[in-house]
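Engineer: Here you go, start_34.cif (mmCIF, C-alpha atoms):
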```cif
data_target
loop_
_atom_site.label_atom_id
_atom_site.label_comp_id
_atom_site.auth_asym_id
_atom_site.auth_seq_id
_atom_site.Cartn_x
_atom_site.Cartn_y
_atom_site.Cartn_z
CA MET A 1 29.45 28.69 -5.65
CA PRO A 2 26.01 28.88 -7.29
CA ASP A 3 24.59 32.23 -8.34
CA ILE A 4 21.87 32.70 -5.70
CA ARG A 5 19.86 35.85 -6.18
CA PRO A 6 16.88 36.50 -3.90
CA THR A 7 13.48 36.29 -5.53
CA VAL A 8 10.01 37.04 -4.21
CA GLY A 9 9.03 34.30 -1.78
CA SER A 10 12.52 32.83 -1.82
CA SER A 11 12.44 30.92 1.43
CA ALA A 12 12.68 27.30 2.49
CA LEU A 13 11.32 25.35 5.43
CA VAL A 14 13.96 23.60 7.54
CA LEU A 15 13.01 20.32 9.21
CA ASN A 16 14.92 18.60 11.97
CA ALA A 17 16.25 15.07 11.34
CA THR A 18 12.96 13.84 12.85
CA TYR A 19 10.91 15.85 10.28
CA GLU A 20 9.85 18.35 12.94
CA PRO A 21 9.63 21.91 11.51
CA LEU A 22 12.35 24.16 12.92
CA CYS A 23 12.39 27.45 11.02
CA VAL A 24 12.19 29.23 7.70
CA VAL A 25 15.43 30.31 6.01
CA SER A 26 16.38 31.96 2.74
CA VAL A 27 16.91 29.83 -0.36
CA ARG A 28 20.57 30.87 -0.18
CA ARG A 29 20.96 29.44 3.35
CA ALA A 30 19.06 26.27 2.42
CA THR A 31 21.32 25.75 -0.62
CA ILE A 32 24.44 26.20 1.50
CA LEU A 33 23.10 23.56 3.92
CA LEU A 34 22.61 21.20 0.96
CA LEU A 35 26.04 21.86 -0.58
CA THR A 36 27.82 21.32 2.76
CA ALA A 37 25.88 18.05 3.29
CA LYS A 38 24.29 19.36 6.48
CA ALA A 39 20.82 18.87 4.98
CA GLU A 40 19.05 16.96 2.23
CA CYS A 41 16.34 18.26 -0.05
CA VAL A 42 12.86 16.93 0.74
CA SER A 43 10.88 19.07 -1.69
CA ASP A 44 12.04 21.16 -4.64
CA GLY A 45 10.84 24.68 -5.27
CA ASP A 46 10.57 26.60 -8.53
CA GLY A 47 13.68 27.01 -10.65
CA ILE A 48 17.25 25.83 -10.79
CA LEU A 49 20.45 27.33 -9.37
CA HIS A 50 23.52 27.21 -11.62
CA SER A 51 27.24 27.38 -10.89
CA ALA A 52 30.24 26.76 -13.11
CA HIS A 53 30.31 23.05 -12.21
CA GLN A 54 26.94 22.24 -10.69
CA THR A 55 23.19 22.60 -11.14
CA VAL A 56 20.97 22.45 -8.05
CA PRO A 57 17.16 22.63 -7.93
CA VAL A 58 15.86 25.45 -5.72
CA PRO A 59 14.98 23.84 -2.37
CA SER A 60 11.54 24.40 -0.83
CA VAL A 61 11.86 22.01 2.14
CA VAL A 62 15.16 20.69 3.53
CA ARG A 63 15.81 18.18 6.33
CA LEU A 64 18.88 18.38 8.53
CA THR A 65 21.05 15.24 8.48
CA ARG A 66 21.75 15.48 12.23
CA TYR A 67 19.23 16.03 15.03
CA VAL A 68 19.39 19.52 16.56
CA LYS A 69 17.92 20.20 20.00
CA VAL A 70 16.37 23.66 19.92
CA PRO A 71 14.92 25.46 22.95
CA TYR A 72 11.69 27.04 21.70
CA ARG A 73 10.31 30.35 22.76
CA THR A 74 7.12 29.92 24.73
CA HIS A 75 5.50 33.02 23.25
CA VAL A 76 5.08 34.62 19.85
CA GLY A 77 6.50 38.13 19.53
CA LEU A 78 3.94 40.93 19.33
CA SER A 79 4.23 43.00 16.15
CA ARG A 80 1.92 44.98 13.92
CA ARG A 81 2.22 42.46 11.06
CA ALA A 82 1.53 39.56 13.42
CA ILE A 83 -1.61 41.28 14.74
CA PHE A 84 -2.89 41.78 11.18
CA ALA A 85 -2.11 38.13 10.37
CA ARG A 86 -3.86 36.88 13.53
CA ASP A 87 -6.97 38.97 12.81
CA GLY A 88 -6.99 38.15 9.10
CA GLY A 89 -6.56 41.80 8.09
CA ARG A 90 -10.09 42.58 9.32
CA CYS A 91 -11.33 45.15 11.85
CA ALA A 92 -12.17 43.52 15.18
CA TYR A 93 -15.23 45.77 15.54
CA CYS A 94 -16.91 46.05 12.10
CA ARG A 95 -15.05 43.32 10.13
CA GLY A 96 -14.05 45.89 7.49
CA SER A 97 -10.53 46.13 6.10
CA ALA A 98 -8.09 46.90 8.94
CA GLU A 99 -5.58 49.73 8.60
CA THR A 100 -4.46 50.36 12.18
CA ILE A 101 -4.09 48.60 15.51
CA ASP A 102 -6.17 49.46 18.57
CA HIS A 103 -5.82 48.79 22.28
CA VAL A 104 -9.16 47.38 23.50
CA PHE A 105 -8.58 48.84 26.96
CA PRO A 106 -6.77 52.12 26.15
CA ARG A 107 -3.14 52.48 27.23
CA SER A 108 -3.91 55.96 28.58
CA ARG A 109 -6.17 54.25 31.11
CA GLY A 110 -3.69 51.54 32.10
CA GLY A 111 -4.18 49.03 29.29
CA LEU A 112 -1.22 46.86 28.37
CA HIS A 113 0.45 46.43 25.00
CA ALA A 114 -0.17 42.67 25.00
CA TRP A 115 -1.74 40.07 22.71
CA ASP A 116 -4.99 39.98 24.69
CA ASN A 117 -5.45 43.79 24.53
CA VAL A 118 -4.42 44.63 20.93
CA VAL A 119 -6.59 44.12 17.83
CA ALA A 120 -6.57 45.18 14.18
CA ALA A 121 -9.03 48.00 13.43
CA CYS A 122 -10.18 50.16 10.56
CA ALA A 123 -9.36 53.87 10.80
CA LYS A 124 -13.03 54.83 11.23
CA CYS A 125 -13.65 52.51 14.21
CA ASN A 126 -10.30 53.38 15.80
CA HIS A 127 -11.04 57.11 15.55
CA SER A 128 -14.64 56.70 16.79
CA LYS A 129 -13.54 54.57 19.72
CA GLY A 130 -10.85 57.02 20.83
CA ASP A 131 -10.07 56.73 24.55
CA LYS A 132 -13.06 54.55 25.43
CA THR A 133 -13.61 50.84 25.90
CA PRO A 134 -15.91 48.87 23.58
CA ALA A 135 -18.32 48.32 26.49
CA GLU A 136 -18.68 52.08 27.02
CA LEU A 137 -19.70 52.47 23.37
CA GLY A 138 -21.93 49.40 23.30
CA TRP A 139 -19.60 47.69 20.83
CA ARG A 140 -18.54 44.07 20.92
CA LEU A 141 -15.48 42.29 19.60
CA HIS A 142 -16.10 39.60 16.99
CA ALA A 143 -13.44 37.41 18.66
CA ALA A 144 -11.59 37.71 21.94
CA PRO A 145 -7.97 38.69 21.28
CA ALA A 146 -5.38 36.12 22.41
CA ALA A 147 -1.79 35.18 21.71
CA PRO A 148 -1.46 32.85 18.71
CA ARG A 149 -0.51 29.24 19.41
CA GLY A 150 0.80 26.24 17.53
CA VAL A 151 3.74 25.08 15.51
CA ALA A 152 2.83 27.26 12.53
CA TRP A 153 3.07 30.47 14.56
CA ARG A 154 6.29 29.36 16.24
CA VAL A 155 7.94 28.49 12.92
CA LEU A 156 6.34 30.97 10.52
CA GLY A 157 5.40 33.95 12.65
CA HIS A 158 3.35 36.29 10.45
CA ARG A 159 4.56 34.75 7.13
CA THR A 160 2.08 33.16 4.76
CA PRO A 161 3.15 29.52 4.36
CA ASP A 162 4.17 28.06 1.02
CA PRO A 163 1.58 25.43 -0.04
CA ARG A 164 4.42 22.88 -0.39
CA TRP A 165 5.03 23.10 3.38
CA MET A 166 1.53 21.99 4.47
CA ASP A 167 2.48 18.31 4.94
CA TRP A 168 4.96 19.27 7.67
CA LEU A 169 3.15 22.11 9.47
CA ASP A 170 -0.17 20.46 10.51
CA LEU A 171 -2.15 23.55 9.58
CA PRO A 172 -5.95 23.70 9.35
CA ALA A 173 -7.60 24.24 5.96
CA ALA A 174 -7.37 28.07 6.11
CA PRO A 175 -4.03 28.90 7.77
CA LEU A 176 -2.86 32.34 8.87
CA GLU A 177 -5.15 34.29 6.61
CA ALA A 178 -4.26 37.49 4.83
CA GLU A 179 -1.35 39.70 5.69
CA ALA A 180 -1.76 43.43 6.03
CA ALA A 181 -0.90 45.42 2.95
#
```
Taking this structure as input, can you express it in the form of structure tokens?
Structural biologist:
Amino acid sequence: MPDIRPTVGSSALVLNATYEPLCVVSVRRATILLLTAKAECVSDGDGILHSAHQTVPVPSVVRLTRYVKVPYRTHVGLSRRAIFARDGGRCAYCRGSAETIDHVFPRSRGGLHAWDNVVAACAKCNHSKGDKTPAELGWRLHAAPAAPRGVAWRVLGHRTPDPRWMDWLDLPAAPLEAEAA
């Protein structure tokens, strides 16, 4: 068995037999798929994995040898990291660097914890806003909050995609901007 130690950014994109993106897995899992002949390497990553009898390039993109029918979730899970990724790490009110999340219509007044009511915000704006709505303060949102859509969000979630995956993800020029620190 090859010596597979996790490294920073050690993940691989898995494609179905039809080259449709399915998910992102660890390099370890991708290598096991290759060694068991359940997948073939489409694009190599950085480095080489060594075992006593074999040398394998680190996979970046693998394609399954058999078609797998996968029922997809119809929604993207709501998380703090996903909100920061959707909003590009910027405050929805002043476009400064975001540090917190804010409910546009406050939860204390019946607002929901849902994609269309949660935005990234800087600490100053979040504190100033308090238990009020943006309309009550005369503020406006730079973009209406909504649930993210598309194959990239379904496959990647909040992850920043590897540039070698772009041919298979159909992403626009500036995909899933910065992640929150």
Engineer: Any idea what the distance is between atom CA of Asp87 of chain A and atom CA of Ser108 of chain A?
Structural biologist: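 Rounded to one decimal, the two atoms are 23.4 Å apart.
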Engineer: Counting all atoms listed in the file, figure out which residue out of A:Cys94, A:Val58, A:Val25, A:Val104 gets nearest to Ala135 of chain A.
Structural biologist: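 The closest residue to Ala135 of chain A is A:Val104.
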Engineer: Write out as a list in words the residues lying within 12 Å of Ser79 of chain A, counting all atoms listed in the file and excluding same-chain residues fewer than 2 positions away.
Structural biologist: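 Here the qualifying residues turn out to be Val76, Gly77, Arg81, Ala82, Ile83, Phe84, Ala85, Arg86, Ile101, His113, Ala114, Trp115, Val118, Val119, Ala120, Ala147, Pro148, Gly157, His158 and Ala180 of chain A.
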Engineer: Expand the PyMOL selection byres ((chain A and resi 125) around 12) into the individual residues it matches in the shown file, reporting them as a ChimeraX atom specification.
Structural biologist: /A:90-104,119-124,126-134,137,139-141
